[in-house]
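Shown next, in structure tokens, is the structure this report addresses.
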Amino acid sequence: MQVRNSSSQFGVVSIIVHWLVALAVFGLFGLGYYMVGLSYYDEWYRQAPDIHRSIGILLFIVVLFRVVWRLANPVPRPLPSHTRWEVISAHLAHGLLYILLFVAMVSGYLISTADGSSISVFNWFEVPSVTGQIKGMEDVAGDVHYWSTWAIVVLAGVHALAAIKHHIMDKDNTLRRMLGVGH
């Protein structure tokens, strides 16, 4: 399998990064959903947010890399069987997913740094607050984070259903291309 994308196939880097981002997004969503219900006395009350923030910062780095990689490696051409509306819908969905990912990650960062503190990423390095203390920022960023993450999960679900539709109903290579198998 080639490293870079070709006109007909995704390269191994695009495939790995795609699935890594998908796994991280759904894992972070599940962890976030779980941790908002924790009580002060739960043993995960402090540990879960630390893990969530650390993975979120690493995801930000990976998504930045993904954007640069995508700009340097155009995606394969749409399959001839794809209709114009499917191609346009796919482009819009991908663009919206990127925007929502950045909105979710920046708002998550703003929640955690609203009091001026930095974020420790697994005790490997610190990401400082760039805003300092801003009264009320945590609440606004929290609302943005909540709705953007739900939007990501719903849109990613629609994205996955579209890939499954192409695989099962259309019997085309849309899903196989992102799995790195077949032509």
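Ligands are numbered from 1 in the order shown, chains are lettered A, B, ... in the order of the structure tokens, and residues start at 1 in each chain.
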**Report entry** Members of chain A assigned strand (DSSP E) by DSSP, as a PyMOL selection string
**Finding:** chain A and resi 119-121+125-127
Would you save the residues of that selection, restricted to C-alpha atoms, as a PDB file, in the first residue's frame?
ATOM      1  CA  ILE A 119      -3.362  21.949  30.683  1.00  0.00           C
ATOM      2  CA  SER A 120      -0.969  19.143  31.526  1.00  0.00           C
ATOM      3  CA  VAL A 121      -0.845  16.560  28.745  1.00  0.00           C
ATOM      4  CA  PHE A 125       4.189  18.906  28.576  1.00  0.00           C
ATOM      5  CA  GLU A 126       1.993  21.861  29.531  1.00  0.00           C
ATOM      6  CA  VAL A 127      -0.247  23.906  27.260  1.00  0.00           C
TER       7      VAL A 127
END
Sorted per-residue table, segment 12-75 of chain A near segment 171-177 of chain A, closest atoms and distance, 12 Å, only C-alpha atoms, as CSV:
residue,atom,partner,partner_atom,distance
A:Val12,CA,A:Arg177,CA,10.3
A:Ser14,CA,A:Arg177,CA,10.5
A:Ile15,CA,A:Arg177,CA,8.6
A:His18,CA,A:Arg177,CA,11.7
A:Val75,CA,A:Arg177,CA,10.6
Residues of segment 14-59 of chain A at most 9 Å from segment 151-162 of chain A: nearest atom pair and distance in Å, only C-alpha atoms, as a Markdown table:
| residue | atom | partner | partner_atom | distance |
| --- | --- | --- | --- | --- |
| A:Ala22 | CA | A:Ala156 | CA | 8.3 |
| A:Val25 | CA | A:Val153 | CA | 8.0 |
| A:Phe26 | CA | A:Val153 | CA | 7.3 |
| A:Phe29 | CA | A:Val153 | CA | 7.9 |
Taking the backbone alone, and naming residues the way the document does, which bits of segment 31-68 of chain A are helix (DSSP H, G or I) by DSSP, as a PDB file with N, CA and C atoms, in the first residue's frame?
ATOM      1  N   LEU A  31     -16.194   9.311  26.993  1.00  0.00           N
ATOM      2  CA  LEU A  31     -15.587   9.697  28.271  1.00  0.00           C
ATOM      3  C   LEU A  31     -16.209  10.980  28.794  1.00  0.00           C
ATOM      4  N   GLY A  32     -16.427  11.956  27.917  1.00  0.00           N
ATOM      5  CA  GLY A  32     -17.050  13.207  28.332  1.00  0.00           C
ATOM      6  C   GLY A  32     -18.452  12.991  28.849  1.00  0.00           C
ATOM      7  N   TYR A  33     -19.206  12.160  28.151  1.00  0.00           N
ATOM      8  CA  TYR A  33     -20.579  11.852  28.571  1.00  0.00           C
ATOM      9  C   TYR A  33     -20.575  11.187  29.941  1.00  0.00           C
ATOM     10  N   TYR A  34     -19.614  10.281  30.159  1.00  0.00           N
ATOM     11  CA  TYR A  34     -19.482   9.576  31.438  1.00  0.00           C
ATOM     12  C   TYR A  34     -19.072  10.530  32.559  1.00  0.00           C
ATOM     13  N   MET A  35     -18.109  11.391  32.288  1.00  0.00           N
ATOM     14  CA  MET A  35     -17.520  12.167  33.385  1.00  0.00           C
ATOM     15  C   MET A  35     -18.416  13.293  33.883  1.00  0.00           C
ATOM     16  N   TRP A  44     -12.832   8.652  39.742  1.00  0.00           N
ATOM     17  CA  TRP A  44     -12.535   9.152  38.403  1.00  0.00           C
ATOM     18  C   TRP A  44     -12.829  10.639  38.254  1.00  0.00           C
ATOM     19  N   TYR A  45     -13.305  11.291  39.311  1.00  0.00           N
ATOM     20  CA  TYR A  45     -13.721  12.693  39.234  1.00  0.00           C
ATOM     21  C   TYR A  45     -12.604  13.605  38.728  1.00  0.00           C
ATOM     22  N   ARG A  46     -11.378  13.359  39.133  1.00  0.00           N
ATOM     23  CA  ARG A  46     -10.244  14.175  38.683  1.00  0.00           C
ATOM     24  C   ARG A  46      -9.482  13.525  37.528  1.00  0.00           C
ATOM     25  N   GLN A  47      -9.418  12.197  37.543  1.00  0.00           N
ATOM     26  CA  GLN A  47      -8.632  11.487  36.532  1.00  0.00           C
ATOM     27  C   GLN A  47      -9.285  11.536  35.145  1.00  0.00           C
ATOM     28  N   ALA A  48     -10.597  11.364  35.065  1.00  0.00           N
ATOM     29  CA  ALA A  48     -11.281  11.354  33.758  1.00  0.00           C
ATOM     30  C   ALA A  48     -11.096  12.681  33.008  1.00  0.00           C
ATOM     31  N   PRO A  49     -11.301  13.836  33.656  1.00  0.00           N
ATOM     32  CA  PRO A  49     -11.066  15.089  32.929  1.00  0.00           C
ATOM     33  C   PRO A  49      -9.610  15.269  32.487  1.00  0.00           C
ATOM     34  N   ASP A  50      -8.660  14.803  33.302  1.00  0.00           N
ATOM     35  CA  ASP A  50      -7.251  14.898  32.907  1.00  0.00           C
ATOM     36  C   ASP A  50      -6.980  14.083  31.647  1.00  0.00           C
ATOM     37  N   ILE A  51      -7.523  12.876  31.587  1.00  0.00           N
ATOM     38  CA  ILE A  51      -7.365  12.028  30.405  1.00  0.00           C
ATOM     39  C   ILE A  51      -8.056  12.679  29.205  1.00  0.00           C
ATOM     40  N   HIS A  52      -9.275  13.179  29.420  1.00  0.00           N
ATOM     41  CA  HIS A  52     -10.063  13.818  28.359  1.00  0.00           C
ATOM     42  C   HIS A  52      -9.306  15.014  27.775  1.00  0.00           C
ATOM     43  N   ARG A  53      -8.775  15.857  28.640  1.00  0.00           N
ATOM     44  CA  ARG A  53      -8.029  17.035  28.172  1.00  0.00           C
ATOM     45  C   ARG A  53      -6.752  16.625  27.438  1.00  0.00           C
ATOM     46  N   SER A  54      -6.031  15.667  27.982  1.00  0.00           N
ATOM     47  CA  SER A  54      -4.774  15.234  27.367  1.00  0.00           C
ATOM     48  C   SER A  54      -5.004  14.660  25.974  1.00  0.00           C
ATOM     49  N   ILE A  55      -5.979  13.781  25.853  1.00  0.00           N
ATOM     50  CA  ILE A  55      -6.272  13.204  24.539  1.00  0.00           C
ATOM     51  C   ILE A  55      -6.791  14.291  23.602  1.00  0.00           C
ATOM     52  N   GLY A  56      -7.578  15.223  24.123  1.00  0.00           N
ATOM     53  CA  GLY A  56      -8.082  16.326  23.307  1.00  0.00           C
ATOM     54  C   GLY A  56      -6.967  17.171  22.720  1.00  0.00           C
ATOM     55  N   ILE A  57      -5.951  17.477  23.513  1.00  0.00           N
ATOM     56  CA  ILE A  57      -4.806  18.260  23.006  1.00  0.00           C
ATOM     57  C   ILE A  57      -4.043  17.461  21.953  1.00  0.00           C
ATOM     58  N   LEU A  58      -3.821  16.175  22.209  1.00  0.00           N
ATOM     59  CA  LEU A  58      -3.129  15.336  21.224  1.00  0.00           C
ATOM     60  C   LEU A  58      -3.961  15.211  19.946  1.00  0.00           C
ATOM     61  N   LEU A  59      -5.283  15.119  20.093  1.00  0.00           N
ATOM     62  CA  LEU A  59      -6.156  15.072  18.922  1.00  0.00           C
ATOM     63  C   LEU A  59      -6.043  16.358  18.113  1.00  0.00           C
ATOM     64  N   PHE A  60      -5.944  17.488  18.778  1.00  0.00           N
ATOM     65  CA  PHE A  60      -5.776  18.765  18.086  1.00  0.00           C
ATOM     66  C   PHE A  60      -4.533  18.719  17.192  1.00  0.00           C
ATOM     67  N   ILE A  61      -3.445  18.198  17.728  1.00  0.00           N
ATOM     68  CA  ILE A  61      -2.199  18.090  16.966  1.00  0.00           C
ATOM     69  C   ILE A  61      -2.392  17.158  15.761  1.00  0.00           C
ATOM     70  N   VAL A  62      -3.053  16.033  15.982  1.00  0.00           N
ATOM     71  CA  VAL A  62      -3.289  15.067  14.903  1.00  0.00           C
ATOM     72  C   VAL A  62      -4.189  15.669  13.821  1.00  0.00           C
ATOM     73  N   VAL A  63      -5.238  16.398  14.223  1.00  0.00           N
ATOM     74  CA  VAL A  63      -6.137  16.994  13.234  1.00  0.00           C
ATOM     75  C   VAL A  63      -5.415  18.098  12.443  1.00  0.00           C
ATOM     76  N   LEU A  64      -4.562  18.875  13.110  1.00  0.00           N
ATOM     77  CA  LEU A  64      -3.751  19.850  12.373  1.00  0.00           C
ATOM     78  C   LEU A  64      -2.887  19.142  11.337  1.00  0.00           C
ATOM     79  N   PHE A  65      -2.245  18.053  11.751  1.00  0.00           N
ATOM     80  CA  PHE A  65      -1.441  17.264  10.814  1.00  0.00           C
ATOM     81  C   PHE A  65      -2.314  16.761   9.664  1.00  0.00           C
ATOM     82  N   ARG A  66      -3.514  16.285  10.007  1.00  0.00           N
ATOM     83  CA  ARG A  66      -4.417  15.756   8.979  1.00  0.00           C
ATOM     84  C   ARG A  66      -4.782  16.816   7.947  1.00  0.00           C
ATOM     85  N   VAL A  67      -5.033  18.030   8.395  1.00  0.00           N
ATOM     86  CA  VAL A  67      -5.363  19.117   7.470  1.00  0.00           C
ATOM     87  C   VAL A  67      -4.180  19.398   6.543  1.00  0.00           C
ATOM     88  N   VAL A  68      -2.986  19.484   7.103  1.00  0.00           N
ATOM     89  CA  VAL A  68      -1.792  19.729   6.289  1.00  0.00           C
ATOM     90  C   VAL A  68      -1.582  18.572   5.307  1.00  0.00           C
TER      91      VAL A  68
END
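Comparing A:Met169, A:Ser8, A:Val130, A:Val21 by their smallest distance to Pro80 of chain A, the closest is A:Ser8 (using only C-alpha atoms).
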Report task. For atom CA of Met137 of chain A and atom CA of Gly116 of chain A, determine how far apart the two atoms are, in Å to one decimal place. Result -> 10.9 Å
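If you look at atom CA of Ser7 of chain A and atom CA of Leu71 of chain A, they are 14.1 Å away from each other.
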Query raised in the report: Given the choices A:Met105, A:Asp139, A:Asn73, A:Thr131, which gets closest to Leu28 of chain A if the distance is worked out from only C-alpha atoms?
Result: A:Met105
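Minimum atom-to-atom distance to Gln9 of chain A, evaluated using only C-alpha atoms, belongs to A:Pro78 out of A:Pro78, A:Gly37, A:Gly95, A:Gly30.
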Report summary line: From the list A:Val144, A:Leu79, A:Ile134, A:Val181, the nearest residue to Ala104 of chain A using only C-alpha atoms is A:Val144
